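Trainee: Before I ask anything, here is the structure I am working with.
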Amino acid sequence: MFAFIIRRTLQAIMVMLVISLIGFSIKSNIGDPVRDLVGERVTPAERAAIADKLGLNDPFFIQYTRFVKNVLHGDFGTSLIYRKPCLEVILKHAPATIELVLGAALIIILISLPLGVFSALKPKHLFSRFIMGFSTLGVSIPVFLTAIMFIYLFAVTLGWLPSYGRGETVDIFNNGYWNSGFLTIDGLKHLVLPCISLASIMLPLYIRLIRSEMMEVLETEYIKYAWAKGLSPKRIWLVHAFKNTLLPVVTVFGLQIGIMFAFTILTETVFQWQGMGFMFLEAIQRADISLLIAYLVVVASVFVLVNTLVDIFYGFINPTVRIAGTK
Amino acid sequence: MKSSLQKFKESYFLYSFKRDKVAMASFIAILIFIALAITAPWIAPMNPYDSNNIDIMNSEIAPSWTKGGQADFPLGTDNMGRDMLSTMLYGLRTSIMIGIGAVSLQALIGIFMGLSAGYLGGKTDAILMRIADIQFSFPYLMLAILVGAIFQIVFGISRYEQLAVPLLILIIGFAEWPMYARTIRASVMREKNKEYVEAAKVIGLSKPVIMVRHVLPNSLTSLMVISTIQIANAVMSEAALSFLGLGMPVTMPSLGSLIRSGFDYIFSGSWWITVFPGILLILFVLAINLLGDWLRDVLNPKLYKD
């Protein structure tokens, strides 16, 4: 087990090094830090002096090591748009995205568990067929289209819910970083449509996953034995079968959180939600390369961290995983 | 000896296809969409790429059956004064072209990697599959958006828009090859110890020939199943990229960029610019998904459960 954790951690570090190398080579090839600093009206001689001072004429590898060292100290350079350190900009935008993902995850859990279990227990029931048909339809609708339709229906036509922005927020820690929309009525109202839109793309996958896992468990020997023992259906379904369905579902849920972050870029664009995805698109449109690379490295490290933790966690439970990679 | 046509007529595959109304309907729908896409230059009422046909005075006309509609424009016009019906047909054409192009690229890379990994084994296998695993752990959409963003900054927006079709094929193609590589590798691992492969080895065929001529054809069923799903995914990814402004330009719109340009006008009540391309996109993807579900059930009930 110890060897497995070491191996997994080494791999994670390797991946991060490769990603930072890619990020740095993009940054060093397409950005012009001298222009970002002083603008256009500087003589070539002064430019060269500044470039020399910044170490831009050093060999690639030395510059790269410097970049990695800075990143490890939390210094990603200065954002061109915001005129602030990139990490600070990202940390200020992160809570909005995290709240969006949390809200959507909550909706997914509350809806997919009962629906998935029901359609596994009664696969021939009319309602189960309706759920399955609806989930195929759900997979086929792009998330931005769901969002636009919600805005048109609930915000433009009916006027029930606000169509963009985060509404009134509360600064939780009084330091200007975490502005929460969960604590005010207005903030919650603004959360409803974006969260449902984001949840809509993942919901069908989870309903299907829970259904197929549950159906598989229901076929196993120990469930048959439980029936033979004469336990009540409720106990068999909820205690014996459901518990064993949860493990793979939780694992997939951990991995899929990353995919949710990708979809937040789309949802945030539609709802003008001031989160990381919105910031990312702004960085693209205005060619803010430092911020773009910082986003790439931060998001990648979150993915790598989550994946590694899920893998290690899974290794604890399922020994075949940690044996697979060894010779 | 039966001819292959005869064999196909008597197969279980065709039998279950004929009995499944949903599969038939979605197959016919896909054929219609493809036919529309291919014949778009001839059947569309006007050419939306030709600026001579476009009159800005015709912009935002409602569909012909609603108030303010004109018979010349059955589904209304978009914000630039283009006929919605024609623009959608051309958009479908672009979306399908990119979808099929990207999936072909994925299949090409994936099959090559998967065959080499599965058949050569050892170090090659370990390295290739590690790469696939690592890429797999990143959401493909995120990857496509990031690469698209970098390309756009490197090329500049106007150059990017000129090269949009090949670039999108490249981006979406590279974002999802591990799917193919894994599937092919799994089926190669299953096939490579079977007798016909041994026989091929004994008569002295070279490794590449055995892989391509003998092992690959036996992996085709699994390829068919993922290809349908992958085309649906690729069309959706293209729409998402175009919606974010990293895809097809407004002058040569795909369905995604039409939806994007319509989104700016939805608050002023011009719902048709968004809704019609949206419905077309949903129907197309839905038809592929339904056919893919059926294929999966018929060809391989156990293997692709996830």
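Chain labels follow the order of the structure tokens: the first chain is A, the next B, and so on; residue numbering restarts at 1 in every chain, and ligands are counted from 1 in their shown order.
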Show me, as number ranges by chain, the residues of chain A whose atoms get within 6 Å of chain B, using only C-alpha atoms for the distance check.

Mentor: A: 140-141, 259, 262

Trainee: Could those residues be written to a file, using N, CA and C atoms, as a PDB file, in the first residue's frame?

Mentor:
```
ATOM      1  N   SER A 140     -28.562  14.667 -24.748  1.00  0.00           N
ATOM      2  CA  SER A 140     -28.433  15.240 -26.085  1.00  0.00           C
ATOM      3  C   SER A 140     -28.599  16.754 -26.118  1.00  0.00           C
ATOM      4  N   ILE A 141     -28.950  17.382 -24.997  1.00  0.00           N
ATOM      5  CA  ILE A 141     -29.122  18.835 -25.007  1.00  0.00           C
ATOM      6  C   ILE A 141     -27.869  19.495 -24.445  1.00  0.00           C
ATOM      7  N   ILE A 259     -15.175  17.300 -14.551  1.00  0.00           N
ATOM      8  CA  ILE A 259     -15.941  17.584 -15.765  1.00  0.00           C
ATOM      9  C   ILE A 259     -16.943  18.703 -15.508  1.00  0.00           C
ATOM     10  N   ALA A 262     -15.438  21.947 -16.163  1.00  0.00           N
ATOM     11  CA  ALA A 262     -15.383  22.305 -17.578  1.00  0.00           C
ATOM     12  C   ALA A 262     -16.712  22.907 -18.023  1.00  0.00           C
TER      13      ALA A 262
END
```

Trainee: Taking 6 positions as the minimum chain separation for residues in the same chain, which residues sit within 7 Å of Phe271 (chain A) when counting only C-alpha atoms? Answer as number ranges by chain.

Mentor: A: 163-165, 194

Trainee: Filtering to N, CA and C atoms, could you give me those residues as a compact mmCIF listing (two decimals), in the first residue's frame?

Mentor:
```txt
# COMPACT_ATOMS: atom_id res chain seq x y z
N SER A 163 -31.88 36.76 -14.40
CA SER A 163 -31.27 36.06 -15.53
C SER A 163 -29.75 36.09 -15.49
N TYR A 164 -29.14 37.02 -14.78
CA TYR A 164 -27.68 37.02 -14.79
C TYR A 164 -27.11 37.57 -13.48
N GLY A 165 -25.83 37.30 -13.28
CA GLY A 165 -25.13 37.81 -12.11
C GLY A 165 -25.37 36.97 -10.87
N PRO A 194 -28.67 28.89 -12.76
CA PRO A 194 -27.36 28.34 -13.14
C PRO A 194 -27.12 26.93 -12.58
```

Trainee: Could you pull the residues within 7 Å of Leu292 (chain A), counting only C-alpha atoms, minus those fewer than 4 positions along the same chain, as a ChimeraX atom specification?

Mentor: /A:280,283,288,296

Trainee: Fewer than 5 positions away in the same chain doesn't count, so skip those; otherwise give me all residues within 6 Å of region 93-98 of chain A, counting only C-alpha atoms, as a PyMOL selection string.

Mentor: chain A and resi 178+275-276

Trainee: Restricting it to N, CA, C and O atoms, dump the selection as a PDB file, in the first residue's frame.

Mentor:
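So result_16.pdb came out as:
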```pdb
ATOM      1  N   TRP A 178     -14.160  35.442   0.002  1.00  0.00           N
ATOM      2  CA  TRP A 178     -15.300  34.550  -0.205  1.00  0.00           C
ATOM      3  C   TRP A 178     -16.624  35.298  -0.054  1.00  0.00           C
ATOM      4  O   TRP A 178     -17.122  35.493   1.042  1.00  0.00           O
ATOM      5  N   GLY A 275     -17.343  33.909 -12.120  1.00  0.00           N
ATOM      6  CA  GLY A 275     -16.499  32.862 -11.549  1.00  0.00           C
ATOM      7  C   GLY A 275     -15.240  32.668 -12.370  1.00  0.00           C
ATOM      8  O   GLY A 275     -14.886  33.504 -13.206  1.00  0.00           O
ATOM      9  N   MET A 276     -14.568  31.521 -12.132  1.00  0.00           N
ATOM     10  CA  MET A 276     -13.308  31.257 -12.823  1.00  0.00           C
ATOM     11  C   MET A 276     -13.480  31.070 -14.322  1.00  0.00           C
ATOM     12  O   MET A 276     -12.631  31.476 -15.102  1.00  0.00           O
TER      13      MET A 276
END
```

Trainee: Would you mind listing what lies within 12 Å of region 229-233 of chain A as a list in words, with only C-alpha atoms counted and same-chain residues fewer than 6 positions away left out?

Mentor: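 So, after excluding close chain neighbours, the residues are Leu121, Leu218, Tyr222, Ile223, Val239, His240, Ala241 and Phe242 of chain A.
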
Trainee: Selection from above, C-alpha atoms, as a short mmCIF file (atom, residue, chain, number, x, y, z; two decimals), in the first residue's frame, can you write it?

Mentor:
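This went into result.cif:
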```
data_model
loop_
_atom_site.label_atom_id
_atom_site.label_comp_id
_atom_site.auth_asym_id
_atom_site.auth_seq_id
_atom_site.Cartn_x
_atom_site.Cartn_y
_atom_site.Cartn_z
CA LEU A 121 -36.18 -1.69 -8.68
CA LEU A 218 -29.68 -7.02 -7.23
CA TYR A 222 -26.01 -12.46 -1.41
CA ILE A 223 -29.15 -10.57 -2.36
CA VAL A 239 -29.55 -1.75 3.49
CA HIS A 240 -28.14 -4.66 1.49
CA ALA A 241 -28.31 -3.54 -2.12
CA PHE A 242 -28.11 0.25 -1.92
#
```

Trainee: Out of B:Gly262, B:Gly247, B:Gly118, B:Gly173, which residue has the shortest atom-to-atom distance to Ala102 (chain B) when counting only C-alpha atoms?

Mentor: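 Of all the options, B:Gly173 lies closest to Ala102 (chain B).
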
Trainee: As a list in words, please: the residues near region 243-248 of chain A (cut-off 7 Å, only C-alpha atoms, same-chain neighbours under 5 positions excluded).

Mentor: Ile210, Glu213, Met214 and Val217 of chain A

Trainee: Take CA of Ile284 (chain A) and CA of Arg83 (chain A) and report the distance between them in Å, one decimal.

Mentor: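 Separation between CA of Ile284 (chain A) and CA of Arg83 (chain A): 15.8 Å.
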
Trainee: Excluding Gln162 (chain B) and its own-chain neighbours fewer than 3 positions away, which residues fall within 9 Å of it when counting only C-alpha atoms? Please give them as a ChimeraX atom specification.

Mentor: /B:157-159,165,248-249

Trainee: Could the residues in this selection be written to a file with N, CA, C and O atoms, as a PDB file, in the first residue's frame?

Mentor:
```pdb
ATOM      1  N   ILE B 157      -7.303  36.314 -33.967  1.00  0.00           N
ATOM      2  CA  ILE B 157      -8.690  35.911 -34.188  1.00  0.00           C
ATOM      3  C   ILE B 157      -9.033  35.752 -35.665  1.00  0.00           C
ATOM      4  O   ILE B 157      -9.649  34.765 -36.066  1.00  0.00           O
ATOM      5  N   SER B 158      -8.579  36.688 -36.530  1.00  0.00           N
ATOM      6  CA  SER B 158      -9.026  36.626 -37.927  1.00  0.00           C
ATOM      7  C   SER B 158      -8.433  35.410 -38.636  1.00  0.00           C
ATOM      8  O   SER B 158      -9.110  34.715 -39.392  1.00  0.00           O
ATOM      9  N   ARG B 159      -7.146  35.135 -38.359  1.00  0.00           N
ATOM     10  CA  ARG B 159      -6.492  33.974 -38.971  1.00  0.00           C
ATOM     11  C   ARG B 159      -7.146  32.686 -38.449  1.00  0.00           C
ATOM     12  O   ARG B 159      -7.376  31.749 -39.191  1.00  0.00           O
ATOM     13  N   VAL B 165     -12.206  25.389 -39.571  1.00  0.00           N
ATOM     14  CA  VAL B 165     -12.619  23.992 -39.771  1.00  0.00           C
ATOM     15  C   VAL B 165     -11.486  23.006 -39.475  1.00  0.00           C
ATOM     16  O   VAL B 165     -11.628  22.140 -38.610  1.00  0.00           O
ATOM     17  N   MET B 248     -16.456  28.223 -35.099  1.00  0.00           N
ATOM     18  CA  MET B 248     -16.754  28.790 -36.401  1.00  0.00           C
ATOM     19  C   MET B 248     -17.149  30.263 -36.266  1.00  0.00           C
ATOM     20  O   MET B 248     -17.879  30.639 -35.359  1.00  0.00           O
ATOM     21  N   PRO B 249     -16.654  31.128 -37.188  1.00  0.00           N
ATOM     22  CA  PRO B 249     -17.016  32.546 -37.150  1.00  0.00           C
ATOM     23  C   PRO B 249     -18.467  32.775 -37.582  1.00  0.00           C
ATOM     24  O   PRO B 249     -19.085  31.891 -38.178  1.00  0.00           O
TER      25      PRO B 249
END
```

Trainee: Would you please work out which residue, of B:Leu85, B:Met252, B:Ser242, B:Asp50, is nearest to Leu266 (chain A) when using only C-alpha atoms?

Mentor: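 Of all the options, B:Ser242 lies closest to Leu266 (chain A).
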
Trainee: Which one of A:Ile236, A:Val117, A:Ala3, A:Met279 sits closest to Met215 (chain A) if you count only C-alpha atoms?

Mentor: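 The shortest atom-to-atom distance to Met215 (chain A) comes from A:Val117.
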
Trainee: Quick one: pull the distance between CA of Gly23 (chain A) and CA of Leu102 (chain A), Å, one decimal.

Mentor: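 CA of Leu102 (chain A) lies at a distance of 28.6 Å from CA of Gly23 (chain A).
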
Trainee: In Å to one decimal, how far is CA of Pro44 (chain A) from CA of Lys27 (chain A)?

Mentor: 21.5 Å
